[in-house]
Amino acid sequence: MKVLVAVKRVIDYNVKIRVKADNSDVDLTNVKMAMNPFCEIAVEEAVRLKEKGVATEVVAVTVGPKAAQEQLRTALALGADRAIHIETDERVESLAVAKLLAKVVDEEQPGLVILGKQAIDTDNNQTGQMLAALTNLPQGTFASEVAVDGDKVNVTREIDGGLQTVALSLPAIVTTDLRLNEPRYAKLPDIMKAKKKPLDAKTPADYGVEVASKVSLLKVESPAERKGGVKVASVDELIDKLKNEAKVL
Amino acid sequence: MSILVLADLHEGQLAGATAHVVAAAKAIGGDIDVLVAGEGVQAAADAAAKLDGVSKVRVADNAVYAHQLAEPMGALLVELAGDYSHVLASASTTGKNVLPRLAALKDVSQLSDVIGVESADTFLRPIYAGNAIATVKSDDALKVMTVRTTAFDAVESTGSASVEAVEVVVENGQSSFVKQELAQSDRPELGGAKVVVSGGRGMGNGENFKLLDGIADKLGAAIGASRAAVDAGFVPNDMQVGQTGKIVAPELYIAVGISGAIQHLAGMKDSKVIVAINKDEEAPIFQVADYGLVGDLFEILPELESKL
Ligand SMILES: Cc1cc2nc3c(=O)[nH]c(=O)nc-3n(C[C@H](O)[C@H](O)[C@H](O)COP(=O)(O)OP(=O)(O)OC[C@H]3O[C@@H](n4cnc5c(N)ncnc54)[C@H](O)[C@@H]3O)c2cc1C
């Protein structure tokens, strides 16, 4: 079975972002970028499936600017066999990404597609679900466990009330949650080897997909800053403040 | 304008989230219908009919909609969406699971986690873990969006909308429900609680979370956690507060042994009053806390419980 994993280049999760002075967007100049953490979990899961002999090939795909090649090389260093880079400098929204991925699914015919549940930049939490709809495949979102069993997969999902397990026919789409696995780090020899692994360069036009969206970003602002308050010296003082100043007790 | 709100269910009953989503729908303006889909959901439909501002409740009561699996729910919404200008759901794990399928099948974008309504086509939503707020305008014919419930005050339940059955029954040969392990608790639900007490890695282990129980009992609070506490297995995943967990905005949030990473702050920084208890006076949580108490939580918590 072939496994397709989608990865996204995003701001590193440790970076505190700044909004541009003209409020047009977030300022990403000279900011450290990385693979979206949920995508790392997706790559790890795919690689583990290969190590277990469930998957025969792991293909990584990204939609993004030239520099997103770095994240594909990371995926290759972590164990993906080959990569597809759909290059564009446009701001590509979830729907267009899902349309492009649907074309790749059509071409590659994977048994399983694994994506992160959300990207930590736009926080959309949509692409996997949209891909599932467009390919008419079942979905197991927010997965904390993925168990392939013959021609189906059991996915345990992190839901608001606890955990839910669904059985899906294969092929299927899975999106990862935090507890699915703990991603490994790429080792230096693997990083060297990854440079020689095949990476296909494509454009949205190659797939006949229009990436323009009907949603326009009018402005981006900083949220209201929360001011730090005071330190209290004792439990008694805390209770007093909560009762008499904040009036929440 | 006409708006369809997908109702959230919890164990077959109407979940509190729906009253907040109806409030968001009212802010947009227009006729508001609520779709209640599931199996054995008449009581939920009756509860939805009481929500102020709702004109009609549409009930799809059929085994295929049990547990609101994404595939049949998406297909059902596609059948119904033609009558509406907007389809809304809460940004719950159900809303997030189902709505993007509708959007994709209708070839429109989805706006996730809407926190403000400027007009019928222009909305506010947080990005980058809430460290920036985007104003976005959608020119799609159908607006599909999930709503952050903490940003809209729930509507009252004094209405009396009509209830009608939806006869659409879709097929689902792709997915089936296997099992569910739901947290059983007498405490208020995290998303709607007036007081939340959360523990982090500093709690040390799951057993120590009992130190929060007595305080939560006295305050009628829900108990939450940081990702680190969930990852370490102290408590289950449904207690995680943050960018990628639950968003809470109670009157009072007490963070115990939590450092205050941006991903955690994303889930609680809209709380009215924040208290932080941490032994490290440099912990970033103190930068957002109204009241900070520096010290060992193992000494502070028992004292706090006894003095409340
Ligand atoms: C993609 C991604 C998504 C994430 N999503 C979330 C999310 O949704 N929610 C979330 O919370 N995190 C999330 N995180 C994780 C986040 O970055 C932090 O790692 C996490 O919040 C840290 O949890 P913590 O504060 O409990 O642990 P730590 O950062 O280890 O802090 C523990 C604190 O406890 C204090 N302490 C220890 N012992 C005591 C004691 N005896 N008395 C008093 N204080 C004590 C310490 O001083 C310290 O400040 C996410 C991370 C990533 C990469």
# chains A, B, ... in the order shown; residues from 1 in each chain; ligands from 1

call {"tool": "select_by_dssp", "arguments": {"residues": "range 181-307 of chain B", "states": "strand (DSSP E)", "output": "list of chain:residue names"}}
result
B:Glu181, B:Leu182, B:Val195, B:Val196, B:Val197, B:Ser198, B:Gly199, B:Ala222, B:Ile223, B:Gly224, B:Ala225, B:Leu252, B:Tyr253, B:Ile254, B:Ala255, B:Val256, B:Val273, B:Ile274, B:Val275, B:Ala276, B:Ile277, B:Asn278, B:Tyr291, B:Gly292, B:Leu293, B:Val294

call {"tool": "closest_atom_pairs", "arguments": {"of": "chain B", "to": "chain A", "cutoff": "6 Å", "atoms": "only C-alpha atoms", "output": "CSV"}}
result
residue,atom,partner,partner_atom,distance
B:Thr93,CA,A:Ile159,CA,5.5
B:Pro100,CA,A:Met130,CA,5.4
B:Arg101,CA,A:Met130,CA,5.1
B:Ala104,CA,A:Met130,CA,5.1
B:Ser109,CA,A:Leu95,CA,6.0
B:Ser112,CA,A:Asn124,CA,5.5
B:Ile127,CA,A:Thr122,CA,5.0
B:Tyr128,CA,A:Asp121,CA,4.5
B:Ala132,CA,A:Ser222,CA,4.8
B:Ile133,CA,A:Glu221,CA,5.2
B:Ala134,CA,A:Val220,CA,4.4
B:Thr135,CA,A:Lys219,CA,5.2
B:Val136,CA,A:Leu217,CA,4.7
B:Lys137,CA,A:Ser216,CA,5.2
B:Ser138,CA,A:Val215,CA,4.3
B:Asp139,CA,A:Lys214,CA,5.1
B:Asp140,CA,A:Lys214,CA,5.8
B:Gln174,CA,A:Ser169,CA,5.3
B:Ser175,CA,A:Leu168,CA,4.5
B:Ser176,CA,A:Ala167,CA,5.2
B:Phe177,CA,A:Val166,CA,4.7
B:Val178,CA,A:Val166,CA,5.1
B:Lys179,CA,A:Thr165,CA,5.2
B:Gln180,CA,A:Gln164,CA,4.2
B:Glu181,CA,A:Leu163,CA,5.2
B:Leu182,CA,A:Gly162,CA,4.6
B:Ala183,CA,A:Gly162,CA,5.6
B:Asp238,CA,A:Gly162,CA,5.1
B:Gln287,CA,A:Gly228,CA,4.4
B:Val288,CA,A:Gly228,CA,4.6
B:Ala289,CA,A:Gly228,CA,5.4
B:Asp290,CA,A:Gly229,CA,4.0
B:Tyr291,CA,A:Val230,CA,5.3
B:Gly292,CA,A:Lys231,CA,4.4
B:Leu293,CA,A:Val232,CA,5.4

call {"tool": "residues_near_ligand", "arguments": {"ligand": "ligand 1", "cutoff": "6 Å", "atoms": "only C-alpha atoms and all ligand atoms", "output": "VMD selection string"}}
result
(chain A and resid 13 37) or (chain B and resid 200 to 202 226 to 229 240 to 245 257 to 261 263 to 264 278 to 280 283 295 to 298)

call {"tool": "write_last_selection", "arguments": {"atoms": "N, CA, C and O atoms", "output": "short mmCIF file (atom, residue, chain, number, x, y, z; two decimals), in the first residue's frame"}}
result
data_model
loop_
_atom_site.label_atom_id
_atom_site.label_comp_id
_atom_site.auth_asym_id
_atom_site.auth_seq_id
_atom_site.Cartn_x
_atom_site.Cartn_y
_atom_site.Cartn_z
N TYR A 13 7.03 26.90 15.54
CA TYR A 13 6.00 27.07 16.58
C TYR A 13 6.48 27.88 17.78
O TYR A 13 5.67 28.36 18.57
N PRO A 37 4.01 21.24 12.86
CA PRO A 37 4.15 20.11 13.80
C PRO A 37 3.19 18.95 13.54
O PRO A 37 3.57 17.79 13.70
N GLY B 200 -0.92 21.69 34.96
CA GLY B 200 0.08 21.44 33.93
C GLY B 200 1.08 20.39 34.36
O GLY B 200 0.83 19.62 35.29
N ARG B 201 2.21 20.40 33.68
CA ARG B 201 3.25 19.42 33.97
C ARG B 201 3.69 19.48 35.42
O ARG B 201 4.09 18.49 36.03
N GLY B 202 3.60 20.69 36.00
CA GLY B 202 3.99 20.88 37.39
C GLY B 202 3.19 20.03 38.37
O GLY B 202 3.61 19.83 39.51
N SER B 226 -2.88 21.40 30.55
CA SER B 226 -2.02 21.79 29.44
C SER B 226 -1.75 20.56 28.59
O SER B 226 -2.00 19.43 29.00
N ARG B 227 -1.20 20.81 27.42
CA ARG B 227 -0.83 19.68 26.56
C ARG B 227 0.17 18.78 27.25
O ARG B 227 0.10 17.55 27.16
N ALA B 228 1.13 19.39 27.95
CA ALA B 228 2.17 18.57 28.58
C ALA B 228 1.56 17.57 29.56
O ALA B 228 1.98 16.42 29.64
N ALA B 229 0.52 18.02 30.29
CA ALA B 229 -0.13 17.13 31.27
C ALA B 229 -0.88 16.00 30.55
O ALA B 229 -0.94 14.88 31.04
N GLN B 240 -7.55 19.04 27.39
CA GLN B 240 -6.53 19.97 26.91
C GLN B 240 -7.11 21.32 26.51
O GLN B 240 -7.99 21.41 25.66
N VAL B 241 -6.55 22.37 27.10
CA VAL B 241 -6.93 23.74 26.76
C VAL B 241 -5.81 24.32 25.89
O VAL B 241 -4.64 24.16 26.21
N GLY B 242 -6.18 24.98 24.79
CA GLY B 242 -5.14 25.62 23.99
C GLY B 242 -5.46 25.72 22.52
O GLY B 242 -6.57 25.39 22.10
N GLN B 243 -4.46 26.18 21.79
CA GLN B 243 -4.59 26.41 20.34
C GLN B 243 -5.19 25.20 19.64
O GLN B 243 -5.99 25.34 18.72
N THR B 244 -4.75 24.02 20.05
CA THR B 244 -5.17 22.82 19.34
C THR B 244 -6.01 21.93 20.24
O THR B 244 -6.21 20.76 19.95
N GLY B 245 -6.50 22.50 21.34
CA GLY B 245 -7.41 21.78 22.21
C GLY B 245 -8.68 22.59 22.36
O GLY B 245 -9.22 23.07 21.37
N GLY B 257 0.78 25.24 37.91
CA GLY B 257 1.90 24.48 37.37
C GLY B 257 1.93 24.44 35.86
O GLY B 257 2.29 23.45 35.24
N ILE B 258 1.51 25.56 35.27
CA ILE B 258 1.49 25.73 33.81
C ILE B 258 2.41 26.91 33.48
O ILE B 258 2.27 27.98 34.07
N SER B 259 3.33 26.72 32.52
CA SER B 259 4.32 27.77 32.26
C SER B 259 3.75 28.94 31.46
O SER B 259 4.19 30.06 31.60
N GLY B 260 2.77 28.65 30.58
CA GLY B 260 2.19 29.73 29.78
C GLY B 260 2.74 29.83 28.38
O GLY B 260 2.97 30.93 27.86
N ALA B 261 2.93 28.69 27.71
CA ALA B 261 3.36 28.66 26.31
C ALA B 261 2.28 29.31 25.44
O ALA B 261 1.11 29.29 25.81
N GLN B 263 0.85 28.41 22.88
CA GLN B 263 -0.23 27.50 22.47
C GLN B 263 -1.24 27.30 23.60
O GLN B 263 -2.41 27.05 23.34
N HIS B 264 -0.78 27.38 24.83
CA HIS B 264 -1.74 27.27 25.94
C HIS B 264 -2.52 28.58 26.09
O HIS B 264 -3.74 28.57 26.22
N ASN B 278 2.56 29.26 40.32
CA ASN B 278 3.74 28.67 39.71
C ASN B 278 4.94 28.97 40.59
O ASN B 278 5.05 30.07 41.14
N LYS B 279 5.85 28.01 40.69
CA LYS B 279 6.99 28.25 41.58
C LYS B 279 8.09 29.08 40.91
O LYS B 279 9.00 29.57 41.58
N ASP B 280 7.96 29.24 39.58
CA ASP B 280 8.98 30.01 38.85
C ASP B 280 8.45 31.41 38.59
O ASP B 280 7.55 31.61 37.78
N ALA B 283 7.98 32.61 35.03
CA ALA B 283 7.12 31.87 34.09
C ALA B 283 6.26 32.84 33.28
O ALA B 283 5.67 33.78 33.85
N GLY B 295 4.98 30.14 44.19
CA GLY B 295 5.20 29.19 45.28
C GLY B 295 4.94 27.77 44.83
O GLY B 295 4.59 27.52 43.66
N ASP B 296 5.11 26.85 45.76
CA ASP B 296 4.96 25.43 45.47
C ASP B 296 3.48 25.05 45.51
O ASP B 296 2.81 25.21 46.53
N LEU B 297 3.01 24.53 44.39
CA LEU B 297 1.57 24.21 44.30
C LEU B 297 1.15 23.17 45.33
O LEU B 297 0.00 23.16 45.76
N PHE B 298 2.09 22.32 45.74
CA PHE B 298 1.73 21.28 46.71
C PHE B 298 1.46 21.85 48.09
O PHE B 298 0.77 21.24 48.90
#

call {"tool": "atom_distance", "arguments": {"atom1": "CA of Ala55 in chain A", "atom2": "CA of Ile173 in chain A"}}
result
14.6 Å

call {"tool": "select_by_dssp", "arguments": {"residues": "range 28-202 of chain A", "states": "alpha helix (DSSP H)", "output": "MDAnalysis selection string"}}
result
chainID A and resid 37:51 69:78 94:108 127:135 188:194

call {"tool": "atom_distance", "arguments": {"atom1": "CA of Ala91 in chain B", "atom2": "CA of Arg148 in chain B"}}
result
5.5 Å

call {"tool": "residues_around", "arguments": {"residues": "Leu190 in chain B", "least_positions_apart": "6", "cutoff": "10 Å", "atoms": "only C-alpha atoms", "output": "JSON, numbers by chain"}}
result
{"A": [160, 161], "B": [196, 197, 221, 222, 223, 224, 238, 239, 240, 241, 246, 247, 248, 249, 250]}

call {"tool": "residues_around", "arguments": {"residues": "Ala47 in chain B", "least_positions_apart": "6", "cutoff": "9 Å", "atoms": "only C-alpha atoms", "output": "PDB file with all heavy atoms, in the first residue's frame"}}
result
ATOM      1  N   GLN B  13     -28.343  14.659  23.354  1.00  0.00           N
ATOM      2  CA  GLN B  13     -29.010  15.886  23.823  1.00  0.00           C
ATOM      3  C   GLN B  13     -28.395  17.095  23.123  1.00  0.00           C
ATOM      4  O   GLN B  13     -27.262  17.039  22.656  1.00  0.00           O
ATOM      5  CB  GLN B  13     -28.845  16.038  25.338  1.00  0.00           C
ATOM      6  CG  GLN B  13     -29.415  14.881  26.158  1.00  0.00           C
ATOM      7  CD  GLN B  13     -30.909  14.713  25.961  1.00  0.00           C
ATOM      8  OE1 GLN B  13     -31.664  15.672  26.062  1.00  0.00           O
ATOM      9  NE2 GLN B  13     -31.330  13.486  25.646  1.00  0.00           N
ATOM     10  N   LEU B  14     -29.165  18.179  23.090  1.00  0.00           N
ATOM     11  CA  LEU B  14     -28.640  19.405  22.492  1.00  0.00           C
ATOM     12  C   LEU B  14     -27.480  19.933  23.348  1.00  0.00           C
ATOM     13  O   LEU B  14     -27.621  20.102  24.557  1.00  0.00           O
ATOM     14  CB  LEU B  14     -29.750  20.458  22.414  1.00  0.00           C
ATOM     15  CG  LEU B  14     -29.385  21.715  21.637  1.00  0.00           C
ATOM     16  CD1 LEU B  14     -29.312  21.422  20.146  1.00  0.00           C
ATOM     17  CD2 LEU B  14     -30.387  22.831  21.918  1.00  0.00           C
ATOM     18  N   SER B 157     -33.542  30.644  26.003  1.00  0.00           N
ATOM     19  CA  SER B 157     -34.423  29.568  25.538  1.00  0.00           C
ATOM     20  C   SER B 157     -35.871  29.896  25.833  1.00  0.00           C
ATOM     21  O   SER B 157     -36.522  29.232  26.624  1.00  0.00           O
ATOM     22  CB  SER B 157     -34.043  28.244  26.211  1.00  0.00           C
ATOM     23  OG  SER B 157     -32.878  27.740  25.631  1.00  0.00           O
TER      24      SER B 157
END

call {"tool": "closest_residue", "arguments": {"among": "B:Phe286, B:Tyr65, B:Tyr84, B:Phe152", "to": "Met1 in chain B", "atoms": "only C-alpha atoms"}}
result
B:Tyr84

call {"tool": "closest_residue", "arguments": {"among": "B:Ala15, B:Val147, B:Ala165, B:Val155", "to": "Gln42 in chain B", "atoms": "only C-alpha atoms"}}
result
B:Ala165

call {"tool": "residues_around", "arguments": {"residues": "Leu77 in chain B", "least_positions_apart": "2", "cutoff": "12 Å", "atoms": "only C-alpha atoms", "output": "ChimeraX atom specification"}}
result
/B:4-7,34-37,58,60,65,68,70-75,79-84,86-89,95,98-106,144,166,168-170

call {"tool": "residues_around", "arguments": {"residues": "Ile191 in chain A", "least_positions_apart": "5", "cutoff": "10 Å", "atoms": "only C-alpha atoms", "output": "number ranges by chain"}}
result
A: 73-79, 186, 196

call {"tool": "residues_around", "arguments": {"residues": "Arg82 in chain A", "least_positions_apart": "3", "cutoff": "9 Å", "atoms": "only C-alpha atoms", "output": "list in words"}}
result
Glu57, Val58, Val59, Ala60, Val61, Leu72, Ala75, Leu76, Ala194, Lys197, Pro198, Leu199 and Asp200 of chain A
